[in-house]
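Pasting query.pdb here (PDB, C-alpha atoms, pLDDT in the B column):
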```pdb
ATOM      1  CA  MET A   1      27.556   0.452 141.268  1.00 92.00           C
ATOM      2  CA  ILE A   2      26.509  -0.590 144.752  1.00 93.00           C
ATOM      3  CA  SER A   3      28.830  -2.392 147.157  1.00 96.00           C
ATOM      4  CA  PHE A   4      27.178  -4.452 149.873  1.00 97.00           C
ATOM      5  CA  ILE A   5      29.608  -4.656 152.797  1.00 98.00           C
ATOM      6  CA  VAL A   6      28.813  -7.374 155.323  1.00 98.00           C
ATOM      7  CA  ILE A   7      30.757  -7.433 158.569  1.00 97.00           C
ATOM      8  CA  GLY A   8      30.769 -10.182 161.162  1.00 96.00           C
ATOM      9  CA  ARG A   9      32.480 -12.369 163.677  1.00 95.00           C
ATOM     10  CA  ASN A  10      31.346 -15.918 164.451  1.00 96.00           C
ATOM     11  CA  GLU A  11      28.136 -15.501 162.469  1.00 96.00           C
ATOM     12  CA  GLU A  12      27.845 -19.005 161.034  1.00 95.00           C
ATOM     13  CA  LYS A  13      24.214 -19.187 162.192  1.00 96.00           C
ATOM     14  CA  ASN A  14      23.259 -15.966 160.381  1.00 97.00           C
ATOM     15  CA  LEU A  15      25.649 -15.313 157.508  1.00 97.00           C
ATOM     16  CA  LYS A  16      24.032 -17.537 154.885  1.00 97.00           C
ATOM     17  CA  ARG A  17      20.626 -15.940 155.474  1.00 97.00           C
ATOM     18  CA  CYS A  18      22.206 -12.464 155.288  1.00 97.00           C
ATOM     19  CA  ILE A  19      23.954 -13.109 151.970  1.00 97.00           C
ATOM     20  CA  GLU A  20      20.935 -14.888 150.494  1.00 96.00           C
ATOM     21  CA  GLY A  21      18.831 -11.869 151.448  1.00 96.00           C
ATOM     22  CA  ILE A  22      21.249  -9.569 149.649  1.00 96.00           C
ATOM     23  CA  CYS A  23      21.170 -11.805 146.563  1.00 96.00           C
ATOM     24  CA  THR A  24      17.369 -11.853 146.619  1.00 95.00           C
ATOM     25  CA  ALA A  25      17.245  -8.056 146.974  1.00 94.00           C
ATOM     26  CA  ILE A  26      19.666  -7.695 144.060  1.00 94.00           C
ATOM     27  CA  ALA A  27      17.490  -9.914 141.858  1.00 94.00           C
ATOM     28  CA  PHE A  28      14.280  -8.181 142.995  1.00 93.00           C
ATOM     29  CA  ASN A  29      15.718  -4.812 141.964  1.00 92.00           C
ATOM     30  CA  ASN A  30      17.329  -6.116 138.761  1.00 91.00           C
ATOM     31  CA  PHE A  31      20.769  -4.818 139.740  1.00 92.00           C
ATOM     32  CA  THR A  32      23.474  -5.641 137.240  1.00 92.00           C
ATOM     33  CA  GLN A  33      26.315  -3.644 138.783  1.00 94.00           C
ATOM     34  CA  TYR A  34      27.023  -4.705 142.338  1.00 95.00           C
ATOM     35  CA  GLU A  35      29.479  -6.484 144.552  1.00 97.00           C
ATOM     36  CA  ILE A  36      29.191  -8.272 147.876  1.00 98.00           C
ATOM     37  CA  ILE A  37      32.048  -8.011 150.344  1.00 98.00           C
ATOM     38  CA  PHE A  38      32.340  -9.977 153.575  1.00 98.00           C
ATOM     39  CA  VAL A  39      34.777  -8.678 156.182  1.00 98.00           C
ATOM     40  CA  ASP A  40      35.510 -11.277 158.844  1.00 96.00           C
ATOM     41  CA  SER A  41      36.740 -10.239 162.284  1.00 95.00           C
ATOM     42  CA  LYS A  42      38.757 -13.271 163.390  1.00 94.00           C
ATOM     43  CA  SER A  43      35.904 -15.785 163.401  1.00 95.00           C
ATOM     44  CA  THR A  44      36.608 -19.135 165.031  1.00 95.00           C
ATOM     45  CA  ASP A  45      33.554 -20.796 163.518  1.00 97.00           C
ATOM     46  CA  ALA A  46      32.602 -21.615 159.903  1.00 96.00           C
ATOM     47  CA  SER A  47      31.772 -18.033 158.862  1.00 96.00           C
ATOM     48  CA  ILE A  48      34.455 -17.839 156.172  1.00 96.00           C
ATOM     49  CA  ASP A  49      33.523 -21.282 154.826  1.00 97.00           C
ATOM     50  CA  ILE A  50      29.912 -20.128 154.528  1.00 97.00           C
ATOM     51  CA  ALA A  51      30.940 -16.952 152.696  1.00 97.00           C
ATOM     52  CA  ARG A  52      32.999 -19.083 150.292  1.00 97.00           C
ATOM     53  CA  GLN A  53      29.808 -20.918 149.274  1.00 96.00           C
ATOM     54  CA  PHE A  54      28.874 -17.773 147.330  1.00 96.00           C
ATOM     55  CA  GLU A  55      31.319 -17.323 144.468  1.00 94.00           C
ATOM     56  CA  GLU A  56      30.351 -13.668 144.012  1.00 95.00           C
ATOM     57  CA  VAL A  57      31.376 -12.748 147.584  1.00 97.00           C
ATOM     58  CA  LYS A  58      34.776 -11.139 148.077  1.00 98.00           C
ATOM     59  CA  ILE A  59      36.223 -12.093 151.468  1.00 97.00           C
ATOM     60  CA  PHE A  60      38.585 -10.031 153.587  1.00 97.00           C
ATOM     61  CA  SER A  61      39.905 -11.049 156.998  1.00 95.00           C
ATOM     62  CA  ILE A  62      41.003  -8.655 159.686  1.00 94.00           C
ATOM     63  CA  THR A  63      44.202  -9.823 161.315  1.00 89.00           C
ATOM     64  CA  GLY A  64      44.807  -7.020 163.809  1.00 88.00           C
ATOM     65  CA  GLU A  65      42.503  -5.234 166.205  1.00 90.00           C
ATOM     66  CA  CYS A  66      38.826  -5.854 165.432  1.00 89.00           C
ATOM     67  CA  ASN A  67      35.671  -3.854 165.900  1.00 92.00           C
ATOM     68  CA  ALA A  68      32.702  -2.911 163.749  1.00 92.00           C
ATOM     69  CA  ALA A  69      34.211   0.386 162.604  1.00 94.00           C
ATOM     70  CA  ILE A  70      37.427  -1.302 161.489  1.00 95.00           C
ATOM     71  CA  GLY A  71      35.418  -3.934 159.623  1.00 95.00           C
ATOM     72  CA  ARG A  72      33.379  -1.295 157.826  1.00 96.00           C
ATOM     73  CA  ASN A  73      36.536   0.650 156.962  1.00 95.00           C
ATOM     74  CA  VAL A  74      38.215  -2.452 155.527  1.00 96.00           C
ATOM     75  CA  GLY A  75      35.117  -3.066 153.419  1.00 97.00           C
ATOM     76  CA  ALA A  76      34.951   0.543 152.250  1.00 97.00           C
ATOM     77  CA  LEU A  77      38.636   0.617 151.329  1.00 97.00           C
ATOM     78  CA  ASN A  78      38.218  -2.499 149.191  1.00 97.00           C
ATOM     79  CA  ALA A  79      34.889  -1.558 147.623  1.00 97.00           C
ATOM     80  CA  SER A  80      34.563  -0.604 143.966  1.00 96.00           C
ATOM     81  CA  GLY A  81      31.079   0.876 144.168  1.00 93.00           C
ATOM     82  CA  ASN A  82      30.125   4.517 144.332  1.00 92.00           C
ATOM     83  CA  THR A  83      27.398   3.597 146.843  1.00 92.00           C
ATOM     84  CA  LEU A  84      28.222   1.591 149.982  1.00 95.00           C
ATOM     85  CA  PHE A  85      25.539  -0.414 151.768  1.00 95.00           C
ATOM     86  CA  PHE A  86      26.751  -1.603 155.174  1.00 96.00           C
ATOM     87  CA  ILE A  87      25.022  -4.543 156.830  1.00 96.00           C
ATOM     88  CA  ASP A  88      25.916  -6.667 159.835  1.00 96.00           C
ATOM     89  CA  ALA A  89      25.943 -10.426 159.245  1.00 96.00           C
ATOM     90  CA  ASP A  90      23.104 -10.970 161.708  1.00 95.00           C
ATOM     91  CA  MET A  91      20.783  -8.742 159.666  1.00 96.00           C
ATOM     92  CA  GLU A  92      18.684  -9.404 156.589  1.00 94.00           C
ATOM     93  CA  ILE A  93      17.314  -7.079 153.912  1.00 93.00           C
ATOM     94  CA  SER A  94      14.409  -7.503 151.538  1.00 89.00           C
ATOM     95  CA  GLY A  95      14.041  -6.410 147.962  1.00 87.00           C
ATOM     96  CA  GLU A  96      11.239  -4.051 148.919  1.00 86.00           C
ATOM     97  CA  PHE A  97      13.394  -2.368 151.557  1.00 87.00           C
ATOM     98  CA  LEU A  98      16.268  -1.917 149.143  1.00 88.00           C
ATOM     99  CA  ALA A  99      13.915  -0.485 146.510  1.00 85.00           C
ATOM    100  CA  GLY A 100      12.688   2.008 149.082  1.00 84.00           C
ATOM    101  CA  VAL A 101      16.149   3.350 149.874  1.00 82.00           C
ATOM    102  CA  TRP A 102      17.657   3.091 146.406  1.00 78.00           C
ATOM    103  CA  ASN A 103      16.924   5.921 144.022  1.00 67.00           C
ATOM    104  CA  LYS A 104      17.371   4.477 140.563  1.00 57.00           C
ATOM    105  CA  GLN A 105      17.319   7.956 139.021  1.00 46.00           C
ATOM    106  CA  THR A 106      20.504   9.110 140.736  1.00 51.00           C
ATOM    107  CA  ASN A 107      22.259   5.809 141.503  1.00 51.00           C
ATOM    108  CA  THR A 108      22.924   3.970 138.284  1.00 46.00           C
TER     109      THR A 108
END
```

Could I get this file's structure written as structure tokens?
Amino acid sequence: MISFIVIGRNEEKNLKRCIEGICTAIAFNNFTQYEIIFVDSKSTDASIDIARQFEEVKIFSITGECNAAIGRNVGALNASGNTLFFIDADMEISGEFLAGVWNKQTNT
């Protein structure tokens, strides 16, 4: 199973596009075992509300010190997958990219 771990702070302008890109890549690659995790680093905008628009997204909020490494660690600690795919909320992936880095023979 693959766990997509999205980290971000105040990414309301980018988060929807990021998650939609992940969903499109999942569909393109016909993944059936996956999860999407969003780790929020004390956003003061609508980032969490945007993540809630996607019922398949698990949301975690950092309450203490925040930085990218802490966000990734929180995501990794809460992930169920045997493969972790880290992505910042201001990034977007395509199905073709994911197919290029995912080896279906060894990662089922």

Query raised in the report: Closest to A:Met1 among A:Ala25, A:Ala51, A:Ala69, A:Leu84, using all atoms listed in the file?
Result: A:Leu84

Requested in this report: List every protein, DNA or RNA residue that has an atom no more than 9 Å from (26.4, 1.5, 141.1) in the file's coordinate frame, counting only C-alpha atoms, and report them as an MDAnalysis selection string.
Outcome: chainID A and resid 1:3 31:34 80:83 107:108

Requested in this report: I need the residue set behind the PyMOL selection byres ((chain A and resi 61) around 7) for this file; please write it as a ChimeraX atom specification.
Outcome: /A:39-42,59-60,62-63

Report task. Go through A:Asn78, A:Ser43, A:Asn30, A:Thr24 and flag the residue nearest A:Arg9, using all atoms listed in the file for the distances. Result ->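 The shortest atom-to-atom distance to A:Arg9 comes from A:Ser43.
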
Query - Selection near A:Phe85, 12 Å with all atoms listed in the file, sequence-local residues under 4 positions removed, as a list of chain:residue names - result: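 Contacts, in chain order: A:Met1, A:Ile2, A:Ser3, A:Phe4, A:Ile5, A:Val6, A:Ile7, A:Ile22, A:Tyr34, A:Glu35, A:Ile36, A:Ile37, A:Phe38, A:Arg72, A:Gly75, A:Ala76, A:Ala79, A:Ser80, A:Gly81, A:Ile93, A:Leu98, A:Val101, A:Trp102.
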
Report task. May I ask for the distance between atom CA of A:Arg17 and atom CA of A:Asp45, given in Å to one decimal place? Result ->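 Taking atom CA of A:Arg17 as the start and atom CA of A:Asp45 as the end point, the length is 16.0 Å.
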
Query raised in the report: Given the choices A:Glu11, A:Ile26, A:Cys18, A:Lys58, which gets closest to A:Ile87 if the distance is worked out from all atoms listed in the file?
Result: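 Residue with the minimum atom-to-atom distance to A:Ile87: A:Cys18.
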
**Report entry** Between atom CA of A:Cys66 and atom CA of A:Asn10 - distance in Å to one decimal
**Finding:** 12.6 Å

Query raised in the report: Suppose you want the space between atom CA of A:Ala89 and atom CA of A:Leu77; what is it in Å?
Result: 18.6 Å

Using all atoms of stretch 5-21 of chain A that appear in the file, construct an axis-aligned enclosing box with 5 Å of padding on every side and provide its centre coordinates and edge lengths in Å, rounded to one decimal, as AutoDock Vina command-line options.
```
--center_x 25.7 --center_y -11.9 --center_z 157.5 --size_x 23.6 --size_y 24.5 --size_z 24.0
```

Requested in this report: Identify which of the residues A:Ile70, A:Phe28, A:Glu96, A:Asp90 lies closest to A:Glu12, counting all atoms listed in the file when measuring atom-to-atom distances.
Outcome: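 Looking at the shortest contact to A:Glu12, the residue is A:Asp90.
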
**Report entry** Option closest in space to A:Met91, from A:Ser47, A:Asn73, A:Asn14, A:Asn29 [counting all atoms listed in the file]
**Finding:**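 Ranked by minimum distance to A:Met91, first place goes to A:Asn14.
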
Report task. Name the residues captured by the PyMOL selection byres ((chain A and resi 54) around 10) when it is applied to the shown file; answer as a list in words. Result ->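 Applied to this file, the PyMOL selection byres ((chain A and resi 54) around 10) returns Lys16, Ile19, Glu20, Cys23, Ile36, Asp49, Ile50, Ala51, Arg52, Gln53, Glu55, Glu56, Val57 and Lys58 of chain A.
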